[in-house]
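Peer 1: Dropping in structure_13.cif, which is mmCIF, C-alpha atoms:
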data_data
loop_
_atom_site.label_atom_id
_atom_site.label_comp_id
_atom_site.auth_asym_id
_atom_site.auth_seq_id
_atom_site.Cartn_x
_atom_site.Cartn_y
_atom_site.Cartn_z
CA MET A 1 -33.58 -1.52 71.93
CA LYS A 2 -29.94 -1.01 72.91
CA LYS A 3 -29.38 2.30 74.65
CA ILE A 4 -27.30 4.98 72.95
CA LYS A 5 -24.41 5.84 75.27
CA VAL A 6 -23.43 9.50 75.25
CA LEU A 7 -20.58 11.21 77.10
CA GLN A 8 -21.03 14.92 77.87
CA LEU A 9 -17.48 16.27 78.14
CA ILE A 10 -17.17 19.71 79.73
CA THR A 11 -14.44 21.94 81.16
CA GLY A 12 -15.93 22.27 84.66
CA LEU A 13 -19.10 22.12 86.72
CA GLY A 14 -19.32 25.71 87.89
CA MET A 15 -22.43 27.88 87.85
CA GLY A 16 -22.06 29.03 84.23
CA GLY A 17 -24.62 28.75 81.45
CA ALA A 18 -22.91 25.90 79.61
CA GLU A 19 -22.76 23.82 82.78
CA LYS A 20 -26.45 24.41 83.46
CA VAL A 21 -27.26 23.41 79.87
CA VAL A 22 -25.41 20.12 80.33
CA LEU A 23 -27.24 19.55 83.62
CA GLU A 24 -30.69 20.12 82.10
CA LEU A 25 -29.87 18.02 79.03
CA SER A 26 -28.64 15.19 81.25
CA LYS A 27 -31.73 15.39 83.49
CA PHE A 28 -34.29 15.24 80.71
CA LEU A 29 -32.77 12.81 78.20
CA ASN A 30 -35.03 9.79 77.73
CA LYS A 31 -33.58 7.20 80.15
CA ASP A 32 -35.18 4.32 78.23
CA HIS A 33 -33.24 5.12 75.05
CA PHE A 34 -30.12 6.93 76.24
CA GLU A 35 -27.43 6.26 78.81
CA ASN A 36 -25.89 9.61 79.63
CA HIS A 37 -22.48 10.17 81.23
CA VAL A 38 -20.77 13.42 82.26
CA ILE A 39 -17.03 14.02 82.70
CA SER A 40 -15.73 17.36 83.98
CA LEU A 41 -12.08 18.11 83.27
CA GLY A 42 -11.40 20.89 85.76
CA LYS A 43 -11.68 21.89 89.41
CA ARG A 44 -15.00 23.79 89.39
CA ILE A 45 -17.59 21.67 91.22
CA GLU A 46 -20.40 24.05 92.32
CA LEU A 47 -23.00 22.04 90.40
CA VAL A 48 -21.67 18.53 91.05
CA GLU A 49 -24.21 17.79 93.78
CA ASN A 50 -27.02 18.82 91.43
CA PHE A 51 -25.85 16.17 88.99
CA LYS A 52 -25.56 13.54 91.71
CA SER A 53 -28.99 14.32 93.14
CA GLU A 54 -30.47 13.54 89.72
CA ASN A 55 -28.59 10.20 89.61
CA ILE A 56 -26.54 11.37 86.63
CA ASN A 57 -23.29 9.49 86.00
CA VAL A 58 -20.78 12.26 86.74
CA THR A 59 -16.98 12.12 87.08
CA VAL A 60 -14.77 15.06 88.06
CA LEU A 61 -11.14 14.72 86.96
CA ASN A 62 -10.05 17.81 88.89
CA HIS A 63 -7.20 18.67 86.51
CA GLU A 64 -5.70 21.97 85.43
CA ASN A 65 -5.93 23.04 81.79
CA SER A 66 -2.29 22.32 81.01
CA ILE A 67 -0.14 20.06 78.86
CA VAL A 68 1.25 18.44 82.02
CA PHE A 69 -2.11 16.83 82.77
CA LEU A 70 -3.09 16.16 79.16
CA LEU A 71 -1.78 12.58 78.93
CA THR A 72 -3.30 11.69 82.29
CA MET A 73 -6.70 13.03 81.23
CA LEU A 74 -6.54 11.24 77.89
CA LYS A 75 -5.75 7.94 79.56
CA LYS A 76 -8.55 8.26 82.13
CA ILE A 77 -11.17 9.30 79.60
CA HIS A 78 -10.10 6.63 77.10
CA ARG A 79 -10.47 3.94 79.76
CA TYR A 80 -13.86 5.33 80.77
CA ILE A 81 -15.11 5.26 77.17
CA ILE A 82 -14.01 1.65 76.69
CA ALA A 83 -15.42 0.51 80.04
CA ASN A 84 -18.81 2.14 79.40
CA ASP A 85 -19.05 1.42 75.66
CA ILE A 86 -19.52 5.12 74.79
CA SER A 87 -20.36 5.76 71.14
CA ILE A 88 -20.86 9.56 71.11
CA ILE A 89 -18.84 12.32 72.78
CA HIS A 90 -20.61 15.67 73.05
CA ALA A 91 -17.80 18.17 73.67
CA HIS A 92 -18.86 21.44 75.28
CA MET A 93 -16.33 24.25 74.63
CA ILE A 94 -12.84 24.10 73.13
CA HIS A 95 -10.77 22.18 75.70
CA PRO A 96 -13.15 19.18 75.73
CA LEU A 97 -13.15 19.31 71.91
CA ILE A 98 -9.35 18.96 71.87
CA ILE A 99 -9.54 16.01 74.27
CA ALA A 100 -12.33 14.34 72.30
CA SER A 101 -10.45 14.74 69.00
CA LEU A 102 -7.27 13.20 70.43
CA ILE A 103 -9.23 10.26 71.84
CA LYS A 104 -10.82 9.67 68.45
CA LEU A 105 -7.34 8.99 67.05
CA THR A 106 -7.33 5.68 68.95
CA ASN A 107 -11.07 5.08 68.60
CA PRO A 108 -12.09 6.26 65.11
CA LYS A 109 -15.64 4.89 65.42
CA LEU A 110 -16.47 7.50 68.04
CA LYS A 111 -18.86 10.23 66.91
CA ILE A 112 -17.98 13.76 68.04
CA ILE A 113 -20.41 16.66 68.52
CA TYR A 114 -19.13 20.13 69.40
CA THR A 115 -21.03 22.99 71.07
CA SER A 116 -18.95 26.12 71.73
CA HIS A 117 -21.69 27.95 73.73
CA SER A 118 -20.37 31.35 72.63
CA ALA A 119 -19.94 33.53 69.58
CA ASN A 120 -16.36 34.14 70.72
CA ILE A 121 -14.44 31.04 71.78
CA GLY A 122 -11.64 33.02 73.39
CA SER A 123 -8.84 33.80 70.93
CA LYS A 124 -7.59 33.40 67.36
CA VAL A 125 -5.51 30.43 68.56
CA ARG A 126 -8.66 28.66 69.76
CA GLU A 127 -10.44 29.47 66.51
CA TYR A 128 -7.51 27.99 64.58
CA LEU A 129 -7.58 24.87 66.77
CA ALA A 130 -11.31 24.47 66.17
CA TRP A 131 -10.67 24.78 62.42
CA ILE A 132 -7.82 22.23 62.50
CA LEU A 133 -10.06 19.77 64.35
CA LEU A 134 -12.91 19.97 61.82
CA ALA A 135 -12.07 16.54 60.43
CA PHE A 136 -12.39 14.86 63.82
CA ARG A 137 -15.97 15.81 64.57
CA ASP A 138 -19.23 14.92 62.92
CA VAL A 139 -21.63 17.75 63.77
CA ASP A 140 -21.46 21.20 65.34
CA VAL A 141 -24.38 22.54 67.36
CA ILE A 142 -24.94 26.30 67.13
CA PHE A 143 -27.71 28.47 68.58
CA SER A 144 -28.58 30.38 65.41
CA LYS A 145 -27.42 30.61 61.79
CA GLU A 146 -25.69 33.92 62.60
CA LEU A 147 -23.24 32.06 64.85
CA HIS A 148 -21.84 29.88 62.05
CA ARG A 149 -18.13 30.60 61.56
CA TYR A 150 -15.34 29.34 59.32
CA TYR A 151 -14.19 26.95 62.04
CA ASN A 152 -17.62 25.28 62.25
CA LYS A 153 -18.68 22.22 60.31
CA LYS A 154 -20.74 22.71 57.17
CA ASN A 155 -22.79 19.91 58.70
CA TYR A 156 -24.25 21.81 61.64
CA ARG A 157 -27.49 21.77 63.60
CA ILE A 158 -29.26 24.84 64.96
CA ILE A 159 -30.48 24.00 68.47
CA PRO A 160 -31.22 27.04 70.66
CA ASN A 161 -30.89 26.62 74.40
CA GLY A 162 -33.99 25.63 76.34
CA ILE A 163 -35.13 25.79 79.94
CA ASN A 164 -37.65 24.26 82.32
CA ILE A 165 -40.12 27.14 82.18
CA THR A 166 -42.18 26.02 85.18
CA LYS A 167 -39.25 26.81 87.52
CA TYR A 168 -39.34 30.50 86.57
CA ASP A 169 -43.01 31.27 85.97
CA LEU A 170 -43.70 32.49 89.51
CA SER A 171 -45.96 35.22 90.84
CA LEU A 172 -43.83 36.94 93.47
CA LYS A 173 -44.12 40.52 94.66
CA LYS A 174 -41.54 42.88 93.17
CA ASN A 175 -38.93 44.44 95.45
CA ASP A 176 -39.94 47.81 96.94
CA VAL A 177 -37.04 49.56 95.18
CA PHE A 178 -36.69 49.38 91.38
CA THR A 179 -34.30 46.44 91.02
CA ILE A 180 -31.93 45.87 88.11
CA THR A 181 -30.37 42.42 88.07
CA THR A 182 -27.52 40.88 86.12
CA ILE A 183 -26.25 37.31 86.33
CA GLY A 184 -22.90 36.00 85.13
CA ARG A 185 -19.29 35.34 86.01
CA LEU A 186 -17.34 38.44 86.98
CA GLU A 187 -15.08 38.56 83.95
CA TYR A 188 -14.26 41.07 81.22
CA VAL A 189 -16.72 39.69 78.66
CA LYS A 190 -19.72 40.40 80.94
CA ASN A 191 -18.75 44.09 81.21
CA HIS A 192 -19.75 44.69 84.83
CA SER A 193 -17.48 47.74 85.01
CA PHE A 194 -19.73 49.47 82.49
CA LEU A 195 -22.71 48.62 84.67
CA LEU A 196 -21.11 50.47 87.59
CA ASP A 197 -20.54 53.51 85.38
CA LEU A 198 -24.19 53.32 84.37
CA ALA A 199 -25.23 53.22 88.03
CA ARG A 200 -23.19 56.37 88.67
CA ASP A 201 -24.84 58.13 85.72
CA ILE A 202 -28.43 57.35 86.72
CA LYS A 203 -27.94 57.73 90.48
CA SER A 204 -29.49 61.19 90.46
CA VAL A 205 -32.32 60.30 88.03
CA PHE A 206 -34.34 57.71 89.99
CA LYS A 207 -34.07 55.43 93.00
CA PHE A 208 -32.83 51.91 92.21
CA LYS A 209 -30.60 49.05 93.28
CA ILE A 210 -28.45 46.79 91.12
CA GLN A 211 -27.97 43.12 92.03
CA ILE A 212 -24.90 41.40 90.62
CA VAL A 213 -25.16 37.61 90.84
CA GLY A 214 -22.00 35.57 90.31
CA THR A 215 -18.32 35.39 91.23
CA GLY A 216 -15.10 35.67 89.29
CA LYS A 217 -11.61 37.03 89.02
CA LEU A 218 -12.76 40.68 88.76
CA GLU A 219 -14.76 40.63 92.00
CA TYR A 220 -12.21 42.52 94.11
CA GLU A 221 -11.65 45.13 91.39
CA LEU A 222 -15.39 45.68 90.93
CA LYS A 223 -16.07 46.02 94.65
CA LYS A 224 -13.22 48.51 94.87
CA LYS A 225 -14.81 50.52 92.06
CA VAL A 226 -18.18 50.51 93.85
CA LYS A 227 -16.53 52.19 96.83
CA ALA A 228 -14.66 54.65 94.64
CA LEU A 229 -17.93 55.69 92.94
CA LYS A 230 -19.78 55.74 96.29
CA LEU A 231 -22.37 53.25 95.10
CA GLU A 232 -22.55 51.10 98.25
CA ASN A 233 -26.26 51.92 98.65
CA GLN A 234 -27.07 51.09 95.01
CA VAL A 235 -24.94 48.08 94.05
CA TYR A 236 -25.05 44.69 95.80
CA PHE A 237 -22.93 41.61 95.09
CA LEU A 238 -24.99 38.48 95.76
CA GLY A 239 -22.33 35.88 94.91
CA LEU A 240 -23.33 32.40 93.70
CA ARG A 241 -27.02 31.73 94.27
CA ASN A 242 -29.39 28.79 93.96
CA ASP A 243 -32.56 30.91 94.08
CA ILE A 244 -32.28 32.50 90.62
CA PRO A 245 -36.03 32.15 89.80
CA GLN A 246 -36.95 34.04 92.97
CA ILE A 247 -34.31 36.74 92.38
CA LEU A 248 -35.52 37.30 88.81
CA ASN A 249 -39.20 37.34 89.73
CA ARG A 250 -38.66 40.06 92.32
CA SER A 251 -36.58 42.17 89.90
CA HIS A 252 -37.93 44.94 87.69
CA CYS A 253 -35.36 44.64 84.89
CA PHE A 254 -32.63 42.28 83.73
CA ILE A 255 -29.57 43.87 82.14
CA LEU A 256 -26.82 42.28 80.05
CA PRO A 257 -24.08 44.64 78.79
CA SER A 258 -21.84 41.81 77.47
CA TYR A 259 -19.24 42.33 74.77
CA TRP A 260 -20.04 38.95 73.23
CA GLU A 261 -22.33 35.97 73.90
CA GLY A 262 -23.86 32.91 72.30
CA LEU A 263 -27.46 32.55 73.43
CA PRO A 264 -27.16 33.17 77.17
CA LEU A 265 -29.22 30.87 79.35
CA VAL A 266 -29.81 33.77 81.75
CA LEU A 267 -31.81 35.60 79.06
CA LEU A 268 -34.11 32.58 78.72
CA GLU A 269 -34.42 32.51 82.50
CA ALA A 270 -35.28 36.22 82.59
CA GLY A 271 -37.74 35.76 79.72
CA ALA A 272 -39.44 32.88 81.53
CA SER A 273 -39.62 35.10 84.63
CA ARG A 274 -41.47 37.84 82.70
CA VAL A 275 -38.74 40.39 83.46
CA PRO A 276 -38.05 43.22 80.95
CA ILE A 277 -34.63 42.73 79.36
CA LEU A 278 -32.06 45.32 78.28
CA SER A 279 -29.13 43.76 76.40
CA THR A 280 -26.41 44.41 73.87
CA SER A 281 -27.11 43.05 70.39
CA VAL A 282 -24.41 40.36 70.24
CA GLY A 283 -24.19 36.68 69.31
CA SER A 284 -27.58 35.01 68.83
CA ILE A 285 -29.39 37.46 71.09
CA PRO A 286 -31.09 39.30 68.15
CA SER A 287 -32.66 35.97 67.14
CA PHE A 288 -34.27 35.87 70.58
CA ILE A 289 -35.10 39.51 71.42
CA ASN A 290 -36.45 42.25 69.15
CA ASP A 291 -38.24 45.59 69.62
CA SER A 292 -41.48 43.79 70.42
CA THR A 293 -40.04 41.61 73.19
CA GLY A 294 -37.30 43.66 74.83
CA TYR A 295 -34.62 46.31 74.47
CA LEU A 296 -31.47 45.84 72.35
CA PHE A 297 -29.05 48.75 72.29
CA GLY A 298 -25.42 49.69 71.96
CA LEU A 299 -23.72 50.54 75.23
CA LYS A 300 -23.83 54.28 74.55
CA ASP A 301 -27.64 54.14 74.60
CA PHE A 302 -28.07 52.07 77.78
CA LYS A 303 -28.58 55.10 80.03
CA GLU A 304 -31.45 56.43 77.95
CA ALA A 305 -32.90 52.92 77.62
CA ILE A 306 -32.95 52.11 81.35
CA ILE A 307 -34.54 55.50 82.11
CA ASN A 308 -37.15 54.77 79.44
CA ILE A 309 -37.89 51.38 81.00
CA TYR A 310 -38.34 53.00 84.42
CA ASN A 311 -40.58 55.79 83.11
CA ASN A 312 -42.66 53.54 80.84
CA TYR A 313 -42.78 50.36 82.90
CA PRO A 314 -46.21 49.14 81.67
CA LEU A 315 -44.79 49.05 78.11
CA ALA A 316 -41.70 47.22 79.39
CA MET A 317 -43.94 44.61 81.05
CA TYR A 318 -45.98 44.27 77.85
CA LYS A 319 -42.76 43.37 76.02
CA ALA A 320 -41.78 40.99 78.81
CA ASP A 321 -45.12 39.17 78.50
CA ALA A 322 -44.57 38.82 74.74
CA LEU A 323 -41.10 37.38 75.35
CA PHE A 324 -42.51 34.93 77.88
CA LEU A 325 -44.86 33.53 75.23
CA LYS A 326 -41.93 33.19 72.82
CA VAL A 327 -39.86 31.31 75.40
CA GLN A 328 -42.83 29.07 76.13
CA GLN A 329 -43.38 28.25 72.46
CA ARG A 330 -39.80 27.93 71.15
CA TYR A 331 -37.31 27.59 73.99
CA SER A 332 -38.72 24.91 76.27
CA ILE A 333 -36.50 22.21 77.71
CA GLU A 334 -38.68 19.64 75.94
CA THR A 335 -37.90 21.08 72.49
CA PHE A 336 -34.21 21.45 73.35
CA VAL A 337 -33.84 17.85 74.57
CA GLN A 338 -35.88 16.37 71.72
CA SER A 339 -33.60 18.07 69.17
CA HIS A 340 -30.53 16.60 70.85
CA GLN A 341 -32.09 13.15 71.03
CA GLU A 342 -32.81 13.26 67.31
CA LEU A 343 -29.20 14.31 66.68
CA TYR A 344 -27.79 11.47 68.81
CA ILE A 345 -30.03 8.93 67.07
CA SER A 346 -28.98 10.17 63.61
CA LEU A 347 -25.30 9.66 64.48
CA HIS A 348 -25.84 6.28 66.05
CA SER A 349 -27.83 4.75 63.18
#
Let me see the structure of the file written as structure tokens.
Peer 2:
Amino acid sequence: MKKIKVLQLITGLGMGGAEKVVLELSKFLNKDHFENHVISLGKRIELVENFKSENINVTVLNHENSIVFLLTMLKKIHRYIIANDISIIHAHMIHPLIIASLIKLTNPKLKIIYTSHSANIGSKVREYLAWILLAFRDVDVIFSKELHRYYNKKNYRIIPNGINITKYDLSLKKNDVFTITTIGRLEYVKNHSFLLDLARDIKSVFKFKIQIVGTGKLEYELKKKVKALKLENQVYFLGLRNDIPQILNRSHCFILPSYWEGLPLVLLEAGASRVPILSTSVGSIPSFINDSTGYLFGLKDFKEAIINIYNNYPLAMYKADALFLKVQQRYSIETFVQSHQELYISLHS
């Protein structure tokens, strides 16, 4: 059987959820039936060694997201596709979708799949671009039916994210101090500033520490706010980390105050780590968490919710155990990869 050759096209190889999804998908695709390639457009390379260590065909173009580099990128990717006989481009996020669509103009037999990875793709301009490019792609992948928008194909597949559960199902001792952890890039959408306000408001209620994992353009501003609020003994910035399973297992609660999301990989990781989750009800998160498996609230109710988790921790752990079973049954990496393999086969036949 001739292998199906798939190109995963992504903006960068940083430590974000989309990048980790592409890594896991590339690792677990059936090597006997699929030849997988990865091209990263930008300069972020934190995960590139992870790809290489798994013998994944990875190329980093190291370009800026600008018109100046557009023709150069198109030429390089076009040559790569011809040289490697690629038949399917899986574009992750909007910039790769634009590139893939332009390449299809000169290679109309190419099949294009688009995964946005978020309920909000950035701006009305990006939404309009995604709508204009509908004709160029064959299938959109979304995480739940609630994420379908006017700029998505009517021909879409619902494939929730999946993870390698065995990496996170550890039995480590919890930290001595009640530990609240959040993971994500330090940008507006993740709403870390609110988390600092929350820390100020509960500082006198119970003893805790907050761990913020990730980096980003708001790091200086957030650290400045920590000093202004005198939270140096409560809030800790851990930066980029490779020991996420251990960090989660030692935590007492995972918190996600985001303004918008798709189906965040970090919630699956927290679920697989049996950590109680407090999150905003955005994107596809309500399809994953409900009152039986976690805590979904508006931001105005987060203070009461986190105090409730602290005071009724056995109940919180009961919900975390229920979520773990759900992750195990519905969000495994095996189910995730199998769904993508079936999609690739359907486009290739």
Peer 1: Just the number, please: distance in Å from atom CA of Phe297 of chain A to atom CA of Lys207 of chain A, one decimal.
Peer 2: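 These atoms are spaced 22.3 Å apart.
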Peer 1: Got a sec: who's within 10 Å of Lys43 of chain A, counting only C-alpha atoms, leaving out chain neighbours fewer than 3 positions off, as a PyMOL selection string?
Peer 2: chain A and resi 11-14+40+46+60-65
Peer 1: Save the residues we just selected, C-alpha atoms, as a short mmCIF file (atom, residue, chain, number, x, y, z; two decimals), in the coordinates of the input?
Peer 2:
data_model
loop_
_atom_site.label_atom_id
_atom_site.label_comp_id
_atom_site.auth_asym_id
_atom_site.auth_seq_id
_atom_site.Cartn_x
_atom_site.Cartn_y
_atom_site.Cartn_z
CA THR A 11 -14.44 21.94 81.16
CA GLY A 12 -15.93 22.27 84.66
CA LEU A 13 -19.10 22.12 86.72
CA GLY A 14 -19.32 25.71 87.89
CA SER A 40 -15.73 17.36 83.98
CA GLU A 46 -20.40 24.05 92.32
CA VAL A 60 -14.77 15.06 88.06
CA LEU A 61 -11.14 14.72 86.96
CA ASN A 62 -10.05 17.81 88.89
CA HIS A 63 -7.20 18.67 86.51
CA GLU A 64 -5.70 21.97 85.43
CA ASN A 65 -5.93 23.04 81.79
#
Peer 1: Atom CA of Phe34 of chain A and atom CA of Ile81 of chain A are how many Å apart?
Peer 2: 15.1 Å
Peer 1: Decode the PyMOL selection byres ((chain A and resi 169) around 9) for the given file into explicit residues and return them as a ChimeraX atom specification.
Peer 2: /A:165-168,170-171,245,249,272-274,324
Peer 1: Place a sphere of radius 9 Å on (-24.9, 28.7, 83.5) in the file coordinates and name every protein, DNA or RNA residue with an atom inside or on its surface, counting only C-alpha atoms; give the answer as a list in words.
Peer 2: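 Collected hits near the coordinates: Gly14, Met15, Gly16, Gly17, Ala18, Glu19, Lys20, Val21, Gly184, Pro264, Leu265 and Val266 of chain A.
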